[in-house]
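Inspection log for the structure reproduced underneath, given as structure tokens.
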Amino acid sequence: MFTLTQIEAAHNKVKSGADFPSYIEELRKIGIKRYTVFVLDGHTEYTGEAGFSLGGGALYSPLIIADANPSLFQERLKKHQAGETSYPTFWQDAAKSGVEKWVVDTEALTCTYFHHDTIVLVEHIPQKKS
């Protein structure tokens with residue numbers, strides 16, 4: 001079983017989207033199989049073995065989720081992954097481009113972005129570079 005303290009320690013090492021592969025590797029090591037980030041207020045739900053789950057609280061005041069704009073989202077995602085934006089900026093960009101949540105599967109190494117129940121983008125998470 002994992003704890004919110006372990007998750008927070010891994011998250012505190014992330015400075016930009018460029019650090020995401022290392023972050024996912026750390027989450028896998030502590031037993032997280034999947035997690036969902038809700039753009040509305042930044043709360044996250046983490047799931048591990050045998051259905052074990054933990055949830056974090058809201059991280060900011062609710063954002064307004066715009067209509068879906070996949071091309072804007074992909075543009076902002078590329079900037080974030082290149083290390084050009086912070087995680088809070090990325091949340092704002094996601095809301096402005098209509099992304100309601102994203103689901104990370106640490107086993108399949110995928111991150112799926114949703115506008116309501118419609119998939120906006122599925123991306124493969126690169127493995128950490130040694």
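For the structure tokens, the naming scheme is as follows: chains receive sequential letters (A, B, ...) according to their order of presentation, residues are indexed from 1 within each chain, and ligands are indexed from 1 in presentation order.
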So which residues of chain A fall under strand (DSSP E or B) by DSSP, listed as a PDB file with C-alpha atoms, in the first residue's frame?
```pdb
ATOM      1  CA  ARG A  34      -3.578   4.152 -12.153  1.00  0.00           C
ATOM      2  CA  TYR A  35      -4.505   7.673 -11.207  1.00  0.00           C
ATOM      3  CA  THR A  36      -7.006  10.259 -12.361  1.00  0.00           C
ATOM      4  CA  VAL A  37      -6.434  14.018 -12.197  1.00  0.00           C
ATOM      5  CA  PHE A  38      -9.525  16.229 -12.235  1.00  0.00           C
ATOM      6  CA  THR A  44      -6.407  13.249  -7.804  1.00  0.00           C
ATOM      7  CA  GLU A  45      -7.542   9.672  -7.157  1.00  0.00           C
ATOM      8  CA  TYR A  46      -4.855   6.959  -6.965  1.00  0.00           C
ATOM      9  CA  THR A  47      -5.490   3.216  -7.347  1.00  0.00           C
ATOM     10  CA  SER A  53      -7.240   3.686  -3.437  1.00  0.00           C
ATOM     11  CA  LEU A  54      -6.431   7.066  -1.968  1.00  0.00           C
ATOM     12  CA  GLY A  55      -7.608  10.505  -2.915  1.00  0.00           C
ATOM     13  CA  LYS A 101      -9.501  15.061 -16.570  1.00  0.00           C
ATOM     14  CA  TRP A 102      -6.693  12.747 -17.470  1.00  0.00           C
ATOM     15  CA  VAL A 103      -6.119   9.134 -16.521  1.00  0.00           C
ATOM     16  CA  VAL A 104      -2.617   7.733 -16.211  1.00  0.00           C
ATOM     17  CA  ASP A 105      -2.132   3.973 -16.455  1.00  0.00           C
ATOM     18  CA  THR A 110      -0.492   5.721 -21.210  1.00  0.00           C
ATOM     19  CA  CYS A 111      -2.073   9.038 -20.367  1.00  0.00           C
ATOM     20  CA  THR A 112      -5.601   9.560 -21.684  1.00  0.00           C
ATOM     21  CA  TYR A 113      -7.120  13.051 -21.684  1.00  0.00           C
ATOM     22  CA  PHE A 114     -10.908  13.479 -21.625  1.00  0.00           C
ATOM     23  CA  HIS A 115     -13.506  16.141 -22.326  1.00  0.00           C
ATOM     24  CA  THR A 118     -14.889  11.753 -24.944  1.00  0.00           C
ATOM     25  CA  ILE A 119     -11.208  10.988 -25.448  1.00  0.00           C
ATOM     26  CA  VAL A 120      -9.273  14.062 -26.539  1.00  0.00           C
ATOM     27  CA  LEU A 121      -5.871  12.388 -26.745  1.00  0.00           C
ATOM     28  CA  VAL A 122      -4.113   9.170 -25.759  1.00  0.00           C
ATOM     29  CA  GLU A 123      -0.372   9.374 -25.468  1.00  0.00           C
ATOM     30  CA  HIS A 124       2.339   6.903 -24.668  1.00  0.00           C
TER      31      HIS A 124
END
```
Spatial neighbours of Gly48 in chain A, 6 Å, only C-alpha atoms, chain gap at least 5 places, as an mmCIF file with C-alpha atoms, in the first residue's frame:
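This is the output file out_11.cif:
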```cif
data_model
loop_
_atom_site.group_PDB
_atom_site.id
_atom_site.type_symbol
_atom_site.label_atom_id
_atom_site.label_comp_id
_atom_site.auth_asym_id
_atom_site.auth_seq_id
_atom_site.Cartn_x
_atom_site.Cartn_y
_atom_site.Cartn_z
ATOM 1 C CA GLY A 31 2.452 0.473 -6.122
ATOM 2 C CA ILE A 32 0.224 2.909 -8.008
ATOM 3 C CA LYS A 33 -1.443 1.258 -10.988
#
```
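For the choices A:Ser97, A:Ser86, A:Asn12, A:Gln127, the atom-to-atom distance to Pro70 in chain A is smallest for A:Ser97 when using only C-alpha atoms.
Distance annotation: of A:Gly57, A:Pro21, A:Gly98, A:Gly42, the residue with the minimal separation from Asn69 in chain A is A:Gly98; atom set is only C-alpha atoms.
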- Message: Residues within 12 Å of Lys78 in chain A, please, as JSON, numbers by chain. Count only C-alpha atoms; anything in the same chain fewer than 4 positions from it doesn't count.
- Response: {"A": [16, 17, 18, 71, 72, 73, 74, 82, 83, 84, 85, 90, 93, 94, 123]}
Apply DSSP to the backbone of this structure and, from range 33-100 of chain A, keep only the residues in helix (DSSP H, G or I); write these as a PDB file with N, CA and C atoms, in the first residue's frame.
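Listing of part-v6.pdb after writing:
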```
ATOM      1  N   GLU A  49      -2.954  -2.034  -6.021  1.00  0.00           N
ATOM      2  CA  GLU A  49      -3.318  -3.456  -5.994  1.00  0.00           C
ATOM      3  C   GLU A  49      -4.634  -3.680  -5.259  1.00  0.00           C
ATOM      4  N   ALA A  50      -5.368  -4.682  -5.698  1.00  0.00           N
ATOM      5  CA  ALA A  50      -6.597  -5.145  -5.049  1.00  0.00           C
ATOM      6  C   ALA A  50      -7.599  -4.017  -4.804  1.00  0.00           C
ATOM      7  N   GLY A  51      -7.596  -3.014  -5.687  1.00  0.00           N
ATOM      8  CA  GLY A  51      -8.553  -1.930  -5.562  1.00  0.00           C
ATOM      9  C   GLY A  51      -8.234  -0.900  -4.490  1.00  0.00           C
ATOM     10  N   PRO A  70      -9.022  20.251 -29.126  1.00  0.00           N
ATOM     11  CA  PRO A  70      -7.885  19.333 -29.130  1.00  0.00           C
ATOM     12  C   PRO A  70      -6.592  19.922 -29.692  1.00  0.00           C
ATOM     13  N   SER A  71      -6.671  20.735 -30.728  1.00  0.00           N
ATOM     14  CA  SER A  71      -5.432  21.278 -31.307  1.00  0.00           C
ATOM     15  C   SER A  71      -4.759  22.251 -30.344  1.00  0.00           C
ATOM     16  N   LEU A  72      -5.524  23.082 -29.649  1.00  0.00           N
ATOM     17  CA  LEU A  72      -4.950  23.966 -28.642  1.00  0.00           C
ATOM     18  C   LEU A  72      -4.333  23.143 -27.513  1.00  0.00           C
ATOM     19  N   PHE A  73      -5.050  22.106 -27.096  1.00  0.00           N
ATOM     20  CA  PHE A  73      -4.520  21.265 -26.016  1.00  0.00           C
ATOM     21  C   PHE A  73      -3.190  20.628 -26.419  1.00  0.00           C
ATOM     22  N   GLN A  74      -3.112  20.073 -27.603  1.00  0.00           N
ATOM     23  CA  GLN A  74      -1.872  19.427 -28.040  1.00  0.00           C
ATOM     24  C   GLN A  74      -0.721  20.424 -28.108  1.00  0.00           C
ATOM     25  N   GLU A  75      -0.995  21.641 -28.538  1.00  0.00           N
ATOM     26  CA  GLU A  75       0.028  22.692 -28.583  1.00  0.00           C
ATOM     27  C   GLU A  75       0.549  22.987 -27.171  1.00  0.00           C
ATOM     28  N   ARG A  76      -0.367  23.155 -26.217  1.00  0.00           N
ATOM     29  CA  ARG A  76       0.020  23.475 -24.838  1.00  0.00           C
ATOM     30  C   ARG A  76       0.706  22.286 -24.161  1.00  0.00           C
ATOM     31  N   LEU A  77       0.257  21.075 -24.477  1.00  0.00           N
ATOM     32  CA  LEU A  77       0.878  19.874 -23.923  1.00  0.00           C
ATOM     33  C   LEU A  77       2.331  19.761 -24.373  1.00  0.00           C
ATOM     34  N   LYS A  78       2.600  20.020 -25.647  1.00  0.00           N
ATOM     35  CA  LYS A  78       3.973  19.965 -26.159  1.00  0.00           C
ATOM     36  C   LYS A  78       4.868  20.957 -25.429  1.00  0.00           C
ATOM     37  N   LYS A  79       4.369  22.154 -25.177  1.00  0.00           N
ATOM     38  CA  LYS A  79       5.148  23.153 -24.445  1.00  0.00           C
ATOM     39  C   LYS A  79       5.443  22.668 -23.030  1.00  0.00           C
ATOM     40  N   HIS A  80       4.437  22.078 -22.391  1.00  0.00           N
ATOM     41  CA  HIS A  80       4.616  21.585 -21.028  1.00  0.00           C
ATOM     42  C   HIS A  80       5.634  20.445 -20.993  1.00  0.00           C
ATOM     43  N   GLN A  81       5.516  19.526 -21.932  1.00  0.00           N
ATOM     44  CA  GLN A  81       6.444  18.389 -21.968  1.00  0.00           C
ATOM     45  C   GLN A  81       7.872  18.828 -22.275  1.00  0.00           C
ATOM     46  N   TYR A  87       3.349  22.924 -13.760  1.00  0.00           N
ATOM     47  CA  TYR A  87       2.175  22.075 -13.639  1.00  0.00           C
ATOM     48  C   TYR A  87       0.909  22.903 -13.432  1.00  0.00           C
ATOM     49  N   PRO A  88       0.899  23.931 -12.550  1.00  0.00           N
ATOM     50  CA  PRO A  88      -0.308  24.759 -12.424  1.00  0.00           C
ATOM     51  C   PRO A  88      -0.703  25.456 -13.735  1.00  0.00           C
ATOM     52  N   THR A  89       0.278  25.892 -14.506  1.00  0.00           N
ATOM     53  CA  THR A  89      -0.021  26.501 -15.804  1.00  0.00           C
ATOM     54  C   THR A  89      -0.648  25.464 -16.733  1.00  0.00           C
ATOM     55  N   PHE A  90      -0.133  24.242 -16.675  1.00  0.00           N
ATOM     56  CA  PHE A  90      -0.684  23.184 -17.513  1.00  0.00           C
ATOM     57  C   PHE A  90      -2.140  22.907 -17.159  1.00  0.00           C
ATOM     58  N   TRP A  91      -2.498  22.906 -15.870  1.00  0.00           N
ATOM     59  CA  TRP A  91      -3.906  22.721 -15.486  1.00  0.00           C
ATOM     60  C   TRP A  91      -4.768  23.792 -16.110  1.00  0.00           C
ATOM     61  N   GLN A  92      -4.307  25.047 -16.035  1.00  0.00           N
ATOM     62  CA  GLN A  92      -5.077  26.155 -16.615  1.00  0.00           C
ATOM     63  C   GLN A  92      -5.206  25.984 -18.128  1.00  0.00           C
ATOM     64  N   ASP A  93      -4.117  25.589 -18.765  1.00  0.00           N
ATOM     65  CA  ASP A  93      -4.157  25.367 -20.215  1.00  0.00           C
ATOM     66  C   ASP A  93      -5.117  24.229 -20.562  1.00  0.00           C
ATOM     67  N   ALA A  94      -5.112  23.172 -19.748  1.00  0.00           N
ATOM     68  CA  ALA A  94      -6.016  22.044 -19.985  1.00  0.00           C
ATOM     69  C   ALA A  94      -7.471  22.510 -19.896  1.00  0.00           C
ATOM     70  N   ALA A  95      -7.787  23.290 -18.860  1.00  0.00           N
ATOM     71  CA  ALA A  95      -9.163  23.794 -18.695  1.00  0.00           C
ATOM     72  C   ALA A  95      -9.568  24.670 -19.879  1.00  0.00           C
ATOM     73  N   LYS A  96      -8.660  25.543 -20.318  1.00  0.00           N
ATOM     74  CA  LYS A  96      -8.959  26.447 -21.436  1.00  0.00           C
ATOM     75  C   LYS A  96      -9.161  25.694 -22.747  1.00  0.00           C
TER      76      LYS A  96
END
```
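Taking CA of Glu25 in chain A as the reference point, CA of Thr3 in chain A is found at 15.9 Å.
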- Among A:Thr106, A:Ser61, A:Glu100, A:Gly56, Ile30 in chain A is approached most closely, using only C-alpha atoms, by A:Thr106
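Here CA of Ala66 in chain A and CA of Ala108 in chain A stand 28.8 Å from one another.
When CA of Leu4 in chain A is paired with CA of Phe20 in chain A, their separation reads 18.0 Å.
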- Contact residues around Lys13 in chain A with only C-alpha atoms at 9 Å, ignoring same-chain residues under 4 positions, as a list of chain:residue names: A:Glu8, A:Ala9, A:Asp19, A:Ser22, A:Tyr23
Written selection (N, CA and C atoms) as a PDB file, in the first residue's frame:
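So part-v7.pdb came out as:
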```pdb
ATOM      1  N   GLU A   8       3.323  12.563  -2.510  1.00  0.00           N
ATOM      2  CA  GLU A   8       3.757  13.958  -2.449  1.00  0.00           C
ATOM      3  C   GLU A   8       5.268  14.068  -2.617  1.00  0.00           C
ATOM      4  N   ALA A   9       6.022  13.152  -2.025  1.00  0.00           N
ATOM      5  CA  ALA A   9       7.485  13.168  -2.166  1.00  0.00           C
ATOM      6  C   ALA A   9       7.887  12.983  -3.625  1.00  0.00           C
ATOM      7  N   ASP A  19       9.927  16.065 -16.541  1.00  0.00           N
ATOM      8  CA  ASP A  19      10.197  15.148 -15.431  1.00  0.00           C
ATOM      9  C   ASP A  19       9.150  14.039 -15.313  1.00  0.00           C
ATOM     10  N   SER A  22      10.087  10.130 -15.079  1.00  0.00           N
ATOM     11  CA  SER A  22      10.689   9.759 -13.791  1.00  0.00           C
ATOM     12  C   SER A  22       9.622   9.666 -12.705  1.00  0.00           C
ATOM     13  N   TYR A  23       8.686  10.592 -12.744  1.00  0.00           N
ATOM     14  CA  TYR A  23       7.580  10.606 -11.788  1.00  0.00           C
ATOM     15  C   TYR A  23       6.759   9.321 -11.897  1.00  0.00           C
TER      16      TYR A  23
END
```
